[in-house]
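A.B. asks: Contents of data_22.cif (mmCIF, C-alpha atoms) are below:
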data_my_file
loop_
_atom_site.label_atom_id
_atom_site.label_comp_id
_atom_site.auth_asym_id
_atom_site.auth_seq_id
_atom_site.Cartn_x
_atom_site.Cartn_y
_atom_site.Cartn_z
CA MET E 1351 54.05 71.77 304.19
CA ALA E 1352 55.79 72.81 307.37
CA LYS E 1353 56.27 76.53 307.84
CA TYR E 1354 58.32 78.62 310.17
CA GLY E 1355 56.47 79.47 313.36
CA ASP E 1356 53.71 76.85 313.11
CA GLY E 1357 55.31 74.50 315.65
CA SER E 1358 56.64 72.12 313.03
CA ARG E 1359 59.88 70.29 313.77
CA TYR E 1360 62.77 69.30 311.64
CA ASN E 1361 64.41 67.02 314.20
CA SER E 1362 62.03 65.40 316.66
CA GLY E 1363 64.89 63.63 318.36
CA ALA E 1364 66.40 66.83 319.72
CA LYS E 1365 65.01 68.68 322.71
CA TYR E 1366 64.97 72.18 324.08
CA ILE E 1367 65.11 72.61 327.83
CA ILE E 1368 62.95 75.59 328.73
CA HIS E 1369 62.40 76.43 332.40
CA GLY E 1370 63.57 72.94 333.25
CA GLN E 1371 61.01 71.27 331.03
CA PRO E 1372 62.03 69.30 327.90
CA ILE E 1373 60.36 70.43 324.70
CA GLU E 1374 60.51 67.64 322.15
CA ARG E 1375 60.79 69.74 319.03
CA ILE E 1376 63.07 72.25 317.43
CA ILE E 1377 61.17 75.06 315.71
CA MET E 1378 62.08 75.56 312.05
CA ALA E 1379 64.62 78.34 311.54
CA LYS E 1380 64.59 81.16 309.01
CA VAL E 1381 67.49 82.76 307.21
CA LYS E 1382 68.71 85.76 309.17
CA ARG E 1383 68.07 88.76 306.92
CA ASP E 1384 70.68 91.33 307.84
CA ASP E 1385 71.81 91.76 304.24
CA LYS E 1386 69.50 94.65 303.34
CA THR E 1387 71.51 97.12 305.42
CA LEU E 1388 74.93 95.88 304.32
CA PRO E 1389 77.19 98.08 302.16
CA VAL E 1390 77.05 97.10 298.51
CA VAL E 1391 80.49 95.48 298.52
CA ASN E 1392 79.45 93.27 301.45
CA LYS E 1393 76.18 92.40 299.75
CA CYS E 1394 78.10 91.13 296.75
CA GLU E 1395 80.40 89.10 298.99
CA ARG E 1396 77.36 87.59 300.73
CA GLY E 1397 75.86 86.78 297.34
CA ASP E 1398 79.08 85.07 296.21
CA GLU E 1399 79.16 82.89 299.32
CA VAL E 1400 75.52 81.82 299.22
CA VAL E 1401 75.49 81.24 295.46
CA ALA E 1402 78.66 79.14 295.61
CA ALA E 1403 77.23 77.03 298.43
CA SER E 1404 73.80 76.66 296.82
CA GLU E 1405 74.59 75.87 293.20
CA GLY E 1406 73.85 72.22 292.59
CA SER E 1407 73.10 71.56 296.28
CA ALA E 1408 71.10 68.39 296.90
CA LEU E 1409 69.29 70.25 299.68
CA LEU E 1410 67.53 72.55 297.25
CA LYS E 1411 64.73 71.89 294.80
CA PRO E 1412 65.10 72.78 291.10
CA GLU E 1413 62.87 75.83 291.58
CA THR E 1414 65.20 77.21 294.24
CA ILE E 1415 68.28 76.35 292.16
CA ALA E 1416 66.76 78.42 289.34
CA LYS E 1417 66.29 81.33 291.75
CA VAL E 1418 69.94 80.98 292.78
CA ALA E 1419 70.98 81.29 289.13
CA THR E 1420 68.89 84.46 288.74
CA TRP E 1421 70.37 85.91 291.90
CA LYS E 1422 73.88 85.11 290.66
CA THR E 1423 73.22 87.28 287.61
CA LYS E 1424 71.76 90.08 289.72
CA ASN E 1425 74.72 89.86 292.09
CA GLY E 1426 77.11 90.31 289.17
CA ASN E 1427 75.05 93.23 287.86
CA LEU E 1428 75.18 94.92 291.26
CA ARG E 1429 78.96 94.48 291.50
CA THR E 1430 79.44 95.95 288.01
CA ALA E 1431 77.17 98.91 288.75
CA TYR E 1432 78.95 99.56 292.04
CA GLN E 1433 82.37 99.45 290.39
CA LEU E 1434 81.21 101.89 287.71
CA GLN E 1435 79.78 104.19 290.36
CA GLN E 1436 83.00 104.12 292.36
CA ALA E 1437 85.05 104.82 289.24
CA ALA E 1438 82.75 107.73 288.33
CA ALA E 1439 83.04 109.16 291.86
CA ALA E 1440 86.83 108.96 291.69
CA GLU E 1441 86.82 110.62 288.26
CA ALA E 1442 84.50 113.35 289.56
CA GLN E 1443 86.92 114.03 292.41
CA ARG E 1444 89.82 114.21 289.97
CA LEU E 1445 87.95 116.58 287.67
CA THR E 1446 86.87 118.77 290.57
CA ALA E 1447 90.44 119.05 291.82
CA ALA E 1448 91.63 119.87 288.29
CA ALA E 1449 88.89 122.50 287.86
CA ASN E 1450 89.81 124.08 291.20
CA THR E 1451 93.43 124.33 290.08
CA VAL E 1452 92.45 125.95 286.78
CA GLU E 1453 90.16 128.39 288.62
CA SER E 1454 92.99 129.33 290.99
CA ASP E 1455 95.21 129.99 287.97
CA TRP E 1456 92.46 132.20 286.47
CA ASN E 1457 92.15 134.16 289.71
CA LEU E 1458 95.89 134.80 289.84
CA ALA E 1459 95.97 135.90 286.20
CA ALA E 1460 92.97 138.20 286.74
CA GLU E 1461 94.62 139.76 289.81
CA ALA E 1462 97.71 140.51 287.74
CA VAL E 1463 95.65 142.15 284.97
CA PHE E 1464 93.55 144.23 287.37
CA ALA E 1465 96.66 145.40 289.22
CA GLY E 1466 98.12 146.50 285.88
CA ILE E 1467 94.92 148.34 284.96
CA GLU E 1468 94.90 150.19 288.29
CA THR E 1469 98.53 151.23 287.81
CA ASP E 1470 98.27 152.23 284.15
CA THR E 1471 95.07 154.28 284.64
CA ASN E 1472 96.36 155.89 287.84
CA GLY E 1473 93.13 154.78 289.48
CA ASP E 1474 90.95 157.00 287.28
CA PRO E 1475 87.43 155.47 287.59
CA ASP E 1476 86.32 156.68 284.16
CA LYS E 1477 89.34 155.10 282.49
CA ILE E 1478 88.72 151.89 284.46
CA ARG E 1479 85.15 151.82 283.16
CA THR E 1480 86.33 152.12 279.55
CA LEU E 1481 88.18 148.84 280.09
CA LYS E 1482 84.88 147.16 281.09
CA CYS E 1483 85.88 147.00 284.75
CA VAL E 1484 83.84 148.26 287.69
CA PRO E 1485 85.81 150.83 289.71
CA TYR E 1486 85.86 150.51 293.47
CA GLU E 1487 85.91 153.98 294.99
CA PRO E 1488 86.18 153.88 298.80
CA GLY E 1489 84.14 156.69 300.32
CA ALA E 1490 82.39 157.58 297.09
CA LYS E 1491 78.65 158.06 297.27
CA ALA E 1492 76.73 155.27 295.62
CA GLY E 1493 74.89 156.23 292.48
CA PRO E 1494 71.22 155.49 291.77
CA VAL E 1495 70.24 151.85 291.57
CA THR E 1496 68.88 150.76 288.21
CA VAL E 1497 66.18 148.11 288.60
CA THR E 1498 65.43 145.54 285.93
CA GLN E 1499 62.53 143.29 284.93
CA VAL E 1500 61.08 141.09 287.65
CA THR E 1501 61.93 137.42 287.10
CA ASN E 1502 60.56 134.08 288.28
CA LEU E 1503 57.16 135.32 289.42
CA VAL E 1504 55.19 132.52 291.08
CA VAL E 1505 51.51 132.74 292.09
CA SER E 1506 49.71 130.31 294.41
CA PRO E 1507 46.38 130.12 296.29
CA GLY E 1508 46.43 132.06 299.56
CA ASP E 1509 45.58 130.72 303.00
CA ALA E 1510 42.23 132.55 303.04
CA ASP E 1511 39.38 132.69 300.54
CA GLY E 1512 39.82 135.43 297.96
CA HIS E 1513 43.60 135.63 298.43
CA LEU E 1514 46.46 134.92 296.04
CA ASP E 1515 50.07 134.71 297.22
CA TRP E 1516 52.95 135.85 295.00
CA MET E 1517 56.73 135.81 295.13
CA CYS E 1518 59.58 136.64 292.75
CA ASP E 1519 63.34 137.03 292.63
CA PRO E 1520 64.42 139.88 294.94
CA GLN E 1521 66.15 143.04 293.77
CA LYS E 1522 67.71 145.90 295.72
CA GLY E 1523 66.54 149.49 295.75
CA GLY E 1524 62.91 149.34 294.70
CA LEU E 1525 59.23 149.11 295.52
CA TYR E 1526 57.33 146.14 294.10
CA LEU E 1527 54.18 147.10 292.18
CA VAL E 1528 51.55 144.38 291.78
CA GLN E 1529 48.79 144.31 289.16
CA THR E 1530 46.03 141.80 288.48
CA SER E 1531 43.74 141.07 285.57
CA PRO E 1532 40.73 138.76 285.15
CA ASP E 1533 41.33 135.85 282.79
CA VAL E 1534 40.02 137.76 279.76
CA VAL E 1535 41.42 138.81 276.40
CA PRO E 1536 42.65 141.49 276.19
CA ARG E 1537 43.77 141.59 279.81
CA VAL E 1538 42.55 144.49 281.94
CA TRP E 1539 45.22 145.36 284.49
CA SER E 1540 44.55 147.14 287.76
CA ILE E 1541 46.93 148.07 290.58
CA GLN E 1542 46.44 145.90 293.64
CA GLU E 1543 49.26 146.72 296.04
CA SER E 1544 52.83 147.81 296.48
CA SER E 1545 55.36 146.05 298.68
CA LYS E 1546 58.90 146.54 299.87
CA LYS E 1547 59.29 142.76 299.90
CA SER E 1548 59.58 140.36 296.97
CA SER E 1549 56.51 138.43 298.13
CA GLY E 1550 53.04 139.16 299.41
CA SER E 1551 49.35 138.29 299.42
CA ILE E 1552 46.63 139.89 297.27
CA PRO E 1553 43.26 140.04 299.09
CA GLY E 1554 39.74 140.72 297.93
CA LEU E 1555 39.76 138.66 294.74
CA PRO E 1556 36.64 136.80 293.50
CA SER E 1557 36.76 133.24 294.81
CA LEU E 1558 37.01 130.34 292.37
CA THR E 1559 38.19 132.56 289.52
CA ARG E 1560 41.32 132.60 287.38
CA VAL E 1561 43.39 135.75 287.84
CA TRP E 1562 46.58 136.89 286.12
CA VAL E 1563 49.27 138.66 288.16
CA ARG E 1564 52.29 140.70 287.11
CA VAL E 1565 54.90 142.59 289.12
CA ALA E 1566 57.30 145.45 288.37
CA ILE E 1567 59.86 147.31 290.49
CA LYS E 1568 59.87 151.08 290.90
CA GLY E 1569 63.35 152.29 291.81
CA SER E 1570 64.80 155.69 292.59
CA HIS E 1571 66.29 155.87 289.11
CA ASN E 1572 63.80 154.00 286.94
CA THR E 1573 60.90 151.54 286.85
CA GLY E 1574 61.65 148.09 285.51
CA GLU E 1575 59.61 146.21 282.95
CA TRP E 1576 56.63 144.17 284.08
CA SER E 1577 57.28 140.53 284.76
CA ASP E 1578 55.88 137.77 282.60
CA PRO E 1579 52.30 137.31 283.84
CA ALA E 1580 51.54 134.33 286.08
CA LEU E 1581 48.10 132.72 286.34
CA GLY E 1582 46.57 131.87 289.70
CA ILE E 1583 43.31 130.24 290.80
CA VAL E 1584 41.68 132.10 293.68
CA PRO E 1585 40.49 129.84 296.54
#
Write the structure described by the file as structure tokens, please.

C.D. replies:
Amino acid sequence: MAKYGDGSRYNSGAKYIIHGQPIERIIMAKVKRDDKTLPVVNKCERGDEVVAASEGSALLKPETIAKVATWKTKNGNLRTAYQLQQAAAAEAQRLTAAANTVESDWNLAAEAVFAGIETDTNGDPDKIRTLKCVPYEPGAKAGPVTVTQVTNLVVSPGDADGHLDWMCDPQKGGLYLVQTSPDVVPRVWSIQESSKKSSGSIPGLPSLTRVWVRVAIKGSHNTGEWSDPALGIVP
């Protein structure tokens, strides 16, 4: 069977003139495949055109006609999916615009309430606090920062043997305390390091062992609860 690129000809009577020399064959052509990069709507249009021209064509064998029928179904499926996606995108835009309007209304209503609270309390911060609002006192000295439990502690193998890396959600106003325990029950915790940052590396651990890590924050006002322990494998 003749194949594209093997020198076969589909019309031996025609000639190419190349560098002034007649070539008595026309190489078999292939379908130009530029459809893969087309937008979906153009893909569906291309499918409509080819399917309409191919259905029942005497040029095509039954096997190819069957493939055309399958493609026709897939083409319809693609058009339906695209239309649903476009409708969903339009609905999402509408809902977003509506939500933004509602949020703007909420902001205006909140501003009106807060302005009333400021007026009715004469700006007394203690009275403002009784109404579950946070007073803003320009020039007032900030009070002590209360730290809370460390969250989202993650432990991973370090870049060097015997090291574990750790990181957690950051908090303001504290020193991070890091403890480790061998993978035993009950756990035996020992202080490893302290850090001003919410991440670090723990050195000097036994290689190829399982080690639990937990972190707490020591603030100027209090010390937060220890994080949920995280298990790491020491490289």

A.B. asks: Between E:Gly1466, E:Gly1406, E:Pro1556, E:Gly1397, which is the closest to E:Lys1422 once you count only C-alpha atoms?

C.D. replies: E:Gly1397

A.B. asks: Name all residues at most 6 Å from stretch 1535-1550 of chain E (count all atoms listed in the file; drop same-chain ones fewer than 6 positions away) and give them as a ChimeraX atom specification.

C.D. replies: /E:1515-1518,1520,1525-1529

A.B. asks: Convert the output of the PyMOL selection byres ((chain E and resi 1577) around 9) on the shown file into explicit residues, formatted as a ChimeraX atom specification.

C.D. replies: /E:1499-1503,1563-1566,1574-1576,1578-1580

A.B. asks: Suppose you want the space between atom CA of E:Ser1531 and atom CA of E:His1513; what is it in Å?

C.D. replies: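 About the pair atom CA of E:Ser1531 and atom CA of E:His1513: they are 14.0 Å apart.
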
A.B. asks: Using only C-alpha atoms, which of E:Val1381, E:Val1391, E:Leu1555, E:Lys1482 sits nearest E:Thr1430?

C.D. replies: E:Val1391

A.B. asks: Please indicate the distance in Å from atom CA of E:Lys1477 to atom CA of E:His1571, rounded to one decimal place.

C.D. replies: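 For atom CA of E:Lys1477 relative to atom CA of E:His1571, the distance reads 24.0 Å.
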
A.B. asks: So, counting only C-alpha atoms, which residue among E:Gly1524, E:Ile1478, E:Ser1557, E:Ala1460 is closest to E:Gly1512?

C.D. replies: E:Ser1557

A.B. asks: Please write stretch 1410-1454 of chain E of the preceding block to a file containing N, CA and C atoms, as a short mmCIF file (atom, residue, chain, number, x, y, z; two decimals), in the first residue's frame?

C.D. replies:
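Produced file decode-v3.cif, reproduced below:
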data_model
loop_
_atom_site.label_atom_id
_atom_site.label_comp_id
_atom_site.auth_asym_id
_atom_site.auth_seq_id
_atom_site.Cartn_x
_atom_site.Cartn_y
_atom_site.Cartn_z
N LEU E 1410 -13.99 7.20 0.43
CA LEU E 1410 -13.56 6.61 1.70
C LEU E 1410 -14.07 5.19 1.86
N LYS E 1411 -13.25 4.38 2.50
CA LYS E 1411 -13.62 2.99 2.78
C LYS E 1411 -14.57 2.95 3.98
N PRO E 1412 -15.31 1.84 4.13
CA PRO E 1412 -16.25 1.72 5.25
C PRO E 1412 -15.58 1.95 6.61
N GLU E 1413 -14.32 1.49 6.75
CA GLU E 1413 -13.64 1.67 8.03
C GLU E 1413 -13.46 3.15 8.35
N THR E 1414 -13.12 3.93 7.34
CA THR E 1414 -12.93 5.36 7.55
C THR E 1414 -14.27 6.06 7.78
N ILE E 1415 -15.32 5.60 7.06
CA ILE E 1415 -16.65 6.17 7.27
C ILE E 1415 -17.09 5.94 8.72
N ALA E 1416 -16.76 4.78 9.28
CA ALA E 1416 -17.10 4.49 10.67
C ALA E 1416 -16.36 5.43 11.62
N LYS E 1417 -15.11 5.73 11.28
CA LYS E 1417 -14.33 6.66 12.10
C LYS E 1417 -14.92 8.06 12.02
N VAL E 1418 -15.44 8.42 10.85
CA VAL E 1418 -16.09 9.72 10.68
C VAL E 1418 -17.30 9.81 11.60
N ALA E 1419 -18.07 8.72 11.67
CA ALA E 1419 -19.26 8.72 12.52
C ALA E 1419 -18.89 8.89 13.99
N THR E 1420 -17.80 8.21 14.41
CA THR E 1420 -17.33 8.36 15.79
C THR E 1420 -16.90 9.79 16.06
N TRP E 1421 -16.17 10.36 15.10
CA TRP E 1421 -15.70 11.74 15.27
C TRP E 1421 -16.86 12.72 15.34
N LYS E 1422 -17.91 12.45 14.57
CA LYS E 1422 -19.09 13.31 14.58
C LYS E 1422 -19.68 13.38 15.99
N THR E 1423 -19.74 12.21 16.66
CA THR E 1423 -20.24 12.18 18.02
C THR E 1423 -19.33 12.95 18.96
N LYS E 1424 -18.01 12.73 18.82
CA LYS E 1424 -17.05 13.43 19.67
C LYS E 1424 -17.10 14.93 19.42
N ASN E 1425 -17.31 15.32 18.18
CA ASN E 1425 -17.39 16.74 17.84
C ASN E 1425 -18.60 17.38 18.53
N GLY E 1426 -19.72 16.67 18.53
CA GLY E 1426 -20.90 17.16 19.22
C GLY E 1426 -20.69 17.24 20.73
N ASN E 1427 -19.99 16.23 21.28
CA ASN E 1427 -19.70 16.25 22.71
C ASN E 1427 -18.84 17.44 23.09
N LEU E 1428 -17.84 17.72 22.24
CA LEU E 1428 -16.95 18.85 22.51
C LEU E 1428 -17.71 20.17 22.47
N ARG E 1429 -18.61 20.31 21.49
CA ARG E 1429 -19.38 21.56 21.38
C ARG E 1429 -20.27 21.74 22.61
N THR E 1430 -20.90 20.65 23.06
CA THR E 1430 -21.77 20.73 24.23
C THR E 1430 -20.97 21.11 25.47
N ALA E 1431 -19.82 20.45 25.65
CA ALA E 1431 -18.98 20.74 26.82
C ALA E 1431 -18.50 22.18 26.80
N TYR E 1432 -18.13 22.67 25.61
CA TYR E 1432 -17.66 24.05 25.49
C TYR E 1432 -18.78 25.04 25.82
N GLN E 1433 -19.97 24.76 25.32
CA GLN E 1433 -21.10 25.65 25.60
C GLN E 1433 -21.41 25.68 27.10
N LEU E 1434 -21.35 24.51 27.75
CA LEU E 1434 -21.59 24.46 29.19
C LEU E 1434 -20.52 25.23 29.95
N GLN E 1435 -19.27 25.09 29.49
CA GLN E 1435 -18.17 25.80 30.14
C GLN E 1435 -18.33 27.30 30.00
N GLN E 1436 -18.72 27.75 28.80
CA GLN E 1436 -18.90 29.17 28.57
C GLN E 1436 -20.06 29.72 29.42
N ALA E 1437 -21.12 28.92 29.51
CA ALA E 1437 -22.26 29.35 30.33
C ALA E 1437 -21.87 29.43 31.80
N ALA E 1438 -21.07 28.46 32.26
CA ALA E 1438 -20.63 28.46 33.66
C ALA E 1438 -19.72 29.66 33.93
N ALA E 1439 -18.85 29.99 32.97
CA ALA E 1439 -17.96 31.14 33.14
C ALA E 1439 -18.76 32.43 33.22
N ALA E 1440 -19.78 32.55 32.37
CA ALA E 1440 -20.62 33.75 32.40
C ALA E 1440 -21.38 33.83 33.72
N GLU E 1441 -21.87 32.68 34.21
CA GLU E 1441 -22.60 32.67 35.48
C GLU E 1441 -21.66 33.02 36.63
N ALA E 1442 -20.41 32.52 36.56
CA ALA E 1442 -19.44 32.83 37.60
C ALA E 1442 -19.15 34.34 37.63
N GLN E 1443 -19.05 34.95 36.46
CA GLN E 1443 -18.83 36.39 36.41
C GLN E 1443 -20.02 37.15 37.02
N ARG E 1444 -21.22 36.67 36.70
CA ARG E 1444 -22.42 37.32 37.24
C ARG E 1444 -22.46 37.20 38.75
N LEU E 1445 -22.16 36.00 39.26
CA LEU E 1445 -22.20 35.79 40.70
C LEU E 1445 -21.11 36.59 41.42
N THR E 1446 -19.95 36.68 40.78
CA THR E 1446 -18.86 37.46 41.38
C THR E 1446 -19.25 38.93 41.47
N ALA E 1447 -19.82 39.45 40.40
CA ALA E 1447 -20.26 40.86 40.41
C ALA E 1447 -21.33 41.08 41.48
N ALA E 1448 -22.26 40.12 41.60
CA ALA E 1448 -23.31 40.24 42.61
C ALA E 1448 -22.73 40.19 44.01
N ALA E 1449 -21.75 39.28 44.23
CA ALA E 1449 -21.12 39.16 45.55
C ALA E 1449 -20.35 40.43 45.89
N ASN E 1450 -19.68 41.02 44.90
CA ASN E 1450 -18.95 42.27 45.15
C ASN E 1450 -19.90 43.39 45.55
N THR E 1451 -21.07 43.41 44.92
CA THR E 1451 -22.06 44.44 45.28
C THR E 1451 -22.56 44.25 46.71
N VAL E 1452 -22.85 43.00 47.07
CA VAL E 1452 -23.31 42.71 48.42
C VAL E 1452 -22.23 43.05 49.45
N GLU E 1453 -20.97 42.74 49.11
CA GLU E 1453 -19.88 43.05 50.03
C GLU E 1453 -19.73 44.56 50.21
N SER E 1454 -19.88 45.32 49.13
CA SER E 1454 -19.82 46.78 49.23
C SER E 1454 -20.92 47.31 50.12
#
